[in-house]
$ cat my_file_31.txt   # compact mmCIF, C-alpha atoms
# COMPACT_ATOMS: atom_id res chain seq x y z
CA MET A 670 107.92 87.12 101.84
CA ARG A 671 110.74 88.25 104.06
CA ARG A 672 110.11 91.71 105.59
CA LEU A 673 106.96 92.03 103.46
CA LEU A 674 105.41 94.84 105.46
CA ALA A 675 108.71 96.68 105.98
CA ARG A 676 109.46 96.68 102.25
CA ARG A 677 105.97 97.83 101.33
CA MET A 678 105.95 100.49 104.00
CA LYS A 679 109.35 101.89 102.96
CA PHE A 680 108.25 102.07 99.33
CA HIS A 681 105.00 103.82 100.15
CA LEU A 682 106.58 106.17 102.68
CA PHE A 683 109.10 107.42 100.12
CA GLY A 684 106.44 107.55 97.47
CA ALA A 685 104.03 109.56 99.58
CA PHE A 686 106.76 112.00 100.59
CA PHE A 687 107.94 112.67 97.06
CA VAL A 688 104.45 112.79 95.57
CA SER A 689 103.29 115.39 98.08
CA ILE A 690 106.46 117.46 97.72
CA GLY A 691 106.09 117.24 93.95
CA CYS A 692 102.46 118.35 94.03
CA ALA A 693 103.31 121.31 96.26
CA ALA A 694 106.22 122.35 94.03
CA LEU A 695 104.12 122.00 90.87
CA TYR A 696 101.39 124.18 92.34
CA LYS A 697 103.82 126.82 93.61
CA PHE A 698 105.75 127.18 90.36
CA GLY A 699 102.88 126.49 87.99
CA ILE A 700 100.08 128.49 89.53
CA ALA A 701 101.08 130.61 92.51
CA GLU A 702 104.18 132.32 91.08
CA PRO A 703 102.62 133.22 87.68
CA ARG A 704 99.60 134.61 89.48
CA LYS A 705 101.76 136.81 91.71
CA ARG A 706 103.65 138.03 88.66
CA ALA A 707 100.43 138.77 86.77
CA TYR A 708 99.13 140.92 89.60
CA ALA A 709 102.46 142.76 89.95
CA GLU A 710 102.49 143.48 86.21
CA PHE A 711 98.91 144.73 86.22
CA TYR A 712 99.33 147.14 89.06
CA LYS A 713 102.77 148.42 88.01
CA ASN A 714 101.38 151.09 85.68
CA TYR A 715 97.74 151.13 86.77
CA ASP A 716 95.93 154.45 86.76
CA ALA A 717 92.70 154.01 88.71
CA MET A 718 91.17 157.36 87.76
CA LYS A 719 91.76 156.86 84.06
CA ASP A 720 90.20 153.42 84.31
CA PHE A 721 87.24 154.95 86.10
CA GLU A 722 86.75 157.59 83.39
CA THR A 723 86.80 154.95 80.65
CA MET A 724 84.26 152.81 82.47
CA LYS A 725 82.07 155.85 83.11
CA ALA A 726 82.15 156.76 79.45
CA ALA A 727 81.07 153.24 78.52
CA GLY A 728 77.98 153.73 80.69
CA VAL A 729 78.26 150.86 83.18
CA PHE A 730 77.78 153.00 86.30
CA GLU A 731 74.26 153.58 87.53
CA CYS A 732 75.20 156.53 89.76
CA ALA A 733 77.80 158.10 87.44
CA PRO A 734 76.21 158.30 84.00
CA PRO A 735 78.26 159.42 81.03
CA LYS A 736 77.62 163.09 80.31
CA MET B 1333 65.68 89.42 136.29
CA LEU B 1334 62.68 89.82 134.05
CA ALA B 1335 64.40 87.81 131.28
CA SER B 1336 65.09 84.80 133.51
CA ARG B 1337 61.48 84.93 134.72
CA ALA B 1338 60.26 84.88 131.12
CA PHE B 1339 62.70 82.05 130.39
CA SER B 1340 61.29 79.80 133.11
CA LEU B 1341 57.77 80.65 131.99
CA VAL B 1342 58.40 79.62 128.37
CA GLY B 1343 60.36 76.54 129.39
CA ARG B 1344 63.89 75.53 128.57
CA ARG B 1345 62.86 72.83 126.15
CA SER B 1346 61.17 75.05 123.62
CA ILE B 1347 64.24 77.29 123.25
CA CYS B 1348 66.39 75.00 121.15
CA THR B 1349 68.33 75.68 117.95
CA SER B 1350 68.15 73.26 115.08
CA LEU B 1351 71.66 71.98 115.90
CA CYS B 1352 70.65 71.17 119.45
CA LEU B 1353 67.54 69.39 118.20
CA ARG B 1354 69.74 67.20 116.04
CA ALA B 1355 72.10 66.58 118.97
CA HIS B 1356 69.27 65.19 121.07
CA GLY B 1357 69.17 62.24 118.72
CA HIS B 1358 72.96 61.65 118.77
CA ALA B 1359 73.80 61.31 122.46
CA GLY B 1360 74.27 65.06 122.87
CA VAL B 1361 77.33 65.55 120.60
CA VAL B 1362 76.84 67.98 117.70
CA LYS B 1363 78.69 67.41 114.44
CA ALA B 1364 80.87 70.48 113.86
CA GLU B 1365 79.63 72.51 110.86
CA ASP B 1366 82.12 73.35 108.16
CA TYR B 1367 82.02 77.04 108.85
CA THR B 1368 83.03 76.55 112.47
CA LEU B 1369 86.24 74.66 111.70
CA PRO B 1370 89.58 76.28 110.80
CA ALA B 1371 89.69 76.96 107.08
CA TYR B 1372 92.31 76.79 104.36
CA VAL B 1373 93.20 80.14 102.77
CA ASP B 1374 95.48 81.18 99.89
CA ARG B 1375 97.00 84.45 101.09
CA ARG B 1376 100.37 86.08 100.56
CA ASP B 1377 100.79 86.91 104.23
CA VAL B 1378 99.66 83.49 105.54
CA PRO B 1379 102.43 81.09 104.41
CA LEU B 1380 101.21 78.12 106.47
CA PRO B 1381 97.40 77.93 106.65
CA GLU B 1382 95.68 76.30 109.60
CA VAL B 1383 94.68 73.12 107.74
CA ALA B 1384 95.94 71.28 104.69
CA PHE B 1385 94.13 71.86 101.44
CA VAL B 1386 92.93 68.32 100.85
CA ARG B 1387 90.86 67.23 103.80
CA ASP B 1388 89.68 63.73 102.89
CA LEU B 1389 92.60 61.74 101.50
CA SER B 1390 92.08 58.89 99.07
CA ALA B 1391 93.69 55.51 99.81
CA GLN B 1392 96.56 56.32 97.46
CA GLN B 1393 97.17 59.65 99.19
CA LYS B 1394 97.01 58.00 102.61
CA ALA B 1395 99.71 55.55 101.51
CA LEU B 1396 101.83 58.51 100.35
CA LYS B 1397 101.40 60.17 103.70
CA GLU B 1398 102.68 56.98 105.38
CA LYS B 1399 105.69 56.99 103.05
CA GLU B 1400 106.33 60.63 104.03
CA LYS B 1401 106.94 59.50 107.60
CA ALA B 1402 110.03 57.62 106.45
CA SER B 1403 113.18 59.21 104.97
CA TRP B 1404 112.36 61.95 102.44
CA THR B 1405 115.23 61.05 100.11
CA ALA B 1406 113.19 57.95 99.18
CA LEU B 1407 110.44 60.14 97.65
CA SER B 1408 110.47 60.83 93.93
CA VAL B 1409 109.95 64.36 92.56
CA ASP B 1410 106.39 63.52 91.47
CA GLU B 1411 105.56 62.26 94.95
CA LYS B 1412 106.95 65.44 96.52
CA VAL B 1413 104.84 67.55 94.16
CA GLU B 1414 101.79 65.42 95.04
CA LEU B 1415 102.45 65.97 98.75
CA TYR B 1416 102.75 69.73 98.11
CA ARG B 1417 99.46 69.81 96.20
CA MET B 1418 97.75 67.92 99.01
CA LYS B 1419 98.87 70.54 101.49
CA PHE B 1420 98.48 73.68 99.36
CA ASN B 1421 96.03 74.76 96.69
CA GLU B 1422 98.07 77.28 94.69
CA THR B 1423 101.77 78.06 94.67
CA TYR B 1424 102.84 81.59 95.45
CA ALA B 1425 103.44 82.21 91.76
CA GLU B 1426 99.92 81.04 90.90
CA MET B 1427 98.43 83.01 93.78
CA ASN B 1428 100.10 86.30 92.86
CA LYS B 1429 99.44 85.96 89.16
CA GLY B 1430 97.30 88.80 87.80
CA THR B 1431 94.00 88.24 86.06
CA ASN B 1432 92.42 89.92 83.05
CA GLU B 1433 89.62 91.32 85.16
CA TRP B 1434 90.63 94.92 84.50
CA LYS B 1435 89.62 94.56 80.86
CA THR B 1436 86.12 93.53 81.88
CA VAL B 1437 85.88 96.38 84.34
CA LEU B 1438 87.10 98.98 81.83
CA GLY B 1439 84.79 97.61 79.16
CA GLY B 1440 81.82 97.74 81.48
CA VAL B 1441 82.58 101.29 82.55
CA LEU B 1442 82.94 102.56 78.98
CA PHE B 1443 79.81 100.74 77.89
CA PHE B 1444 77.67 102.32 80.56
CA LEU B 1445 79.18 105.74 79.90
CA GLY B 1446 78.20 105.34 76.26
CA LEU B 1447 74.72 104.21 77.19
CA THR B 1448 74.33 107.27 79.42
CA GLY B 1449 75.47 109.43 76.51
CA VAL B 1450 72.82 107.91 74.25
CA ILE B 1451 70.15 108.56 76.85
CA LEU B 1452 71.24 112.20 77.23
CA ILE B 1453 71.23 112.77 73.46
CA TRP B 1454 67.76 111.26 73.19
CA GLN B 1455 66.56 113.53 75.99
CA LYS B 1456 67.97 116.69 74.38
CA HIS B 1457 66.42 115.80 71.05
CA PHE B 1458 63.02 114.54 72.07
CA MET B 1459 62.26 115.79 75.53
CA TYR B 1460 63.70 119.18 76.46
CA GLY B 1461 62.10 122.45 75.31
CA PRO B 1462 63.94 125.45 73.80
CA ILE B 1463 66.76 127.13 75.75
CA PRO B 1464 66.30 130.67 77.16
CA HIS B 1465 66.56 133.68 74.80
CA THR B 1466 69.55 134.97 76.78
CA PHE B 1467 71.70 132.37 74.97
CA SER B 1468 71.19 133.90 71.52
CA GLU B 1469 74.21 135.33 69.68
CA GLU B 1470 73.10 138.98 70.00
CA TRP B 1471 72.46 138.70 73.71
CA LEU B 1472 75.78 136.92 74.37
CA SER B 1473 77.82 139.50 72.44
CA ALA B 1474 76.07 142.38 74.22
CA GLN B 1475 76.68 140.59 77.52
CA THR B 1476 80.38 140.11 76.79
CA LYS B 1477 80.73 143.75 75.72
CA ARG B 1478 79.23 144.89 79.01
CA MET B 1479 81.58 142.59 80.93
CA LEU B 1480 84.59 144.08 79.13
CA ASP B 1481 83.34 147.61 79.77
CA MET B 1482 83.06 146.81 83.46
CA ARG B 1483 86.61 145.38 83.42
CA VAL B 1484 85.52 142.01 84.81
CA ASN B 1485 88.59 140.01 85.99
CA PRO B 1486 91.16 142.39 84.49
CA VAL B 1487 94.28 140.67 85.89
CA GLU B 1488 93.99 137.04 84.72
CA GLY B 1489 90.45 136.68 83.40
CA ILE B 1490 88.35 137.77 80.45
CA SER B 1491 89.27 141.48 80.40
CA SER B 1492 92.96 140.59 80.31
CA GLN B 1493 92.38 138.81 76.97
CA TRP B 1494 90.87 141.92 75.29
CA ASP B 1495 93.02 144.51 73.59
CA TYR B 1496 91.31 147.80 74.49
CA ASP B 1497 93.39 149.91 72.08
CA LYS B 1498 92.73 147.86 68.96
CA ASN B 1499 89.22 146.84 70.10
CA GLU B 1500 89.73 143.14 69.47
CA TRP B 1501 90.77 139.98 71.30
CA LYS B 1502 94.46 139.67 72.07
CA LYS B 1503 96.31 137.21 69.88

$ encode --input "my_file_31.txt" --output "structure tokens"
Amino acid sequence: MRRLLARRMKFHLFGAFFVSIGCAALYKFGIAEPRKRAYAEFYKNYDAMKDFETMKAAGVFECAPPK
Amino acid sequence: MLASRAFSLVGRRSICTSLCLRAHGHAGVVKAEDYTLPAYVDRRDVPLPEVAFVRDLSAQQKALKEKEKASWTALSVDEKVELYRMKFNETYAEMNKGTNEWKTVLGGVLFFLGLTGVILIWQKHFMYGPIPHTFSEEWLSAQTKRMLDMRVNPVEGISSQWDYDKNEWKK
């Protein structure tokens, strides 16, 4: 009973702090960093014109038909 | 102003609650209803409630209360426990003890989820008509092929899972 609120508040304050830090860290290293790496990898050797020619040949462009 | 006018018109006598009506028969003193008096409560953060638990003491309990006024070393353990139970309903241990309510709640939730599932299955089987033709295998494969040709989501999405050189899905 002694210091009931103080004890509960301390526990929850610590808990909230660590849970939020943990969530932020998990997101950053689980989702954000891999995504940044994926984009860097993709655009490292990306040739836009070659990609365009392939797409044109497949016939997906209305204004640039394959010919 | 208007309210007091209306009051005098209607007459003070007719505006009387049931309690007041009863009081007119008992020399004007109203017996206090239970809900108006301080109440006993079993709460963790209220160690000493406003009233004792047992309100109307039996003759035996009244005698014990008289004995309590003397030296406490004269009381036996049983009498001390009896005095405690007169003052409090549950001990802190009894108050804080958990119940098995969560099992009932979980069971109820799962039951109704299952019931909803049964209803949905019945609906799909007996009620709904056929799904659109755009969900057929041929349409879906042509649709996916077009998405891959257009390079939909090439970085992390569907086109990144297709191997364009070998013309198959990446392992």

$ interface_residues --input "my_file_31.txt" --of "chain A" --to "chain B" --cutoff "8 Å" --atoms "only C-alpha atoms" --output "PyMOL selection string"
chain A and resi 670+704+707-708+711+724+727+729

$ atom_distance --input "my_file_31.txt" --atom1 "CA of Lys1456 in chain B" --atom2 "CA of Leu1438 in chain B"
27.1 Å

$ atom_distance --input "my_file_31.txt" --atom1 "CA of Lys1419 in chain B" --atom2 "CA of Leu674 in chain A"
25.5 Å

$ residues_around --input "my_file_31.txt" --residues "Val1386 in chain B" --least-positions-apart "5" --cutoff "10 Å" --atoms "all atoms listed in the file" --output "list in words"
Tyr1372, Gln1393, Arg1417, Met1418, Lys1419, Phe1420 and Asn1421 of chain B

$ atom_distance --input "my_file_31.txt" --atom1 "CA of Leu673 in chain A" --atom2 "CA of Ala1371 in chain B"
23.2 Å
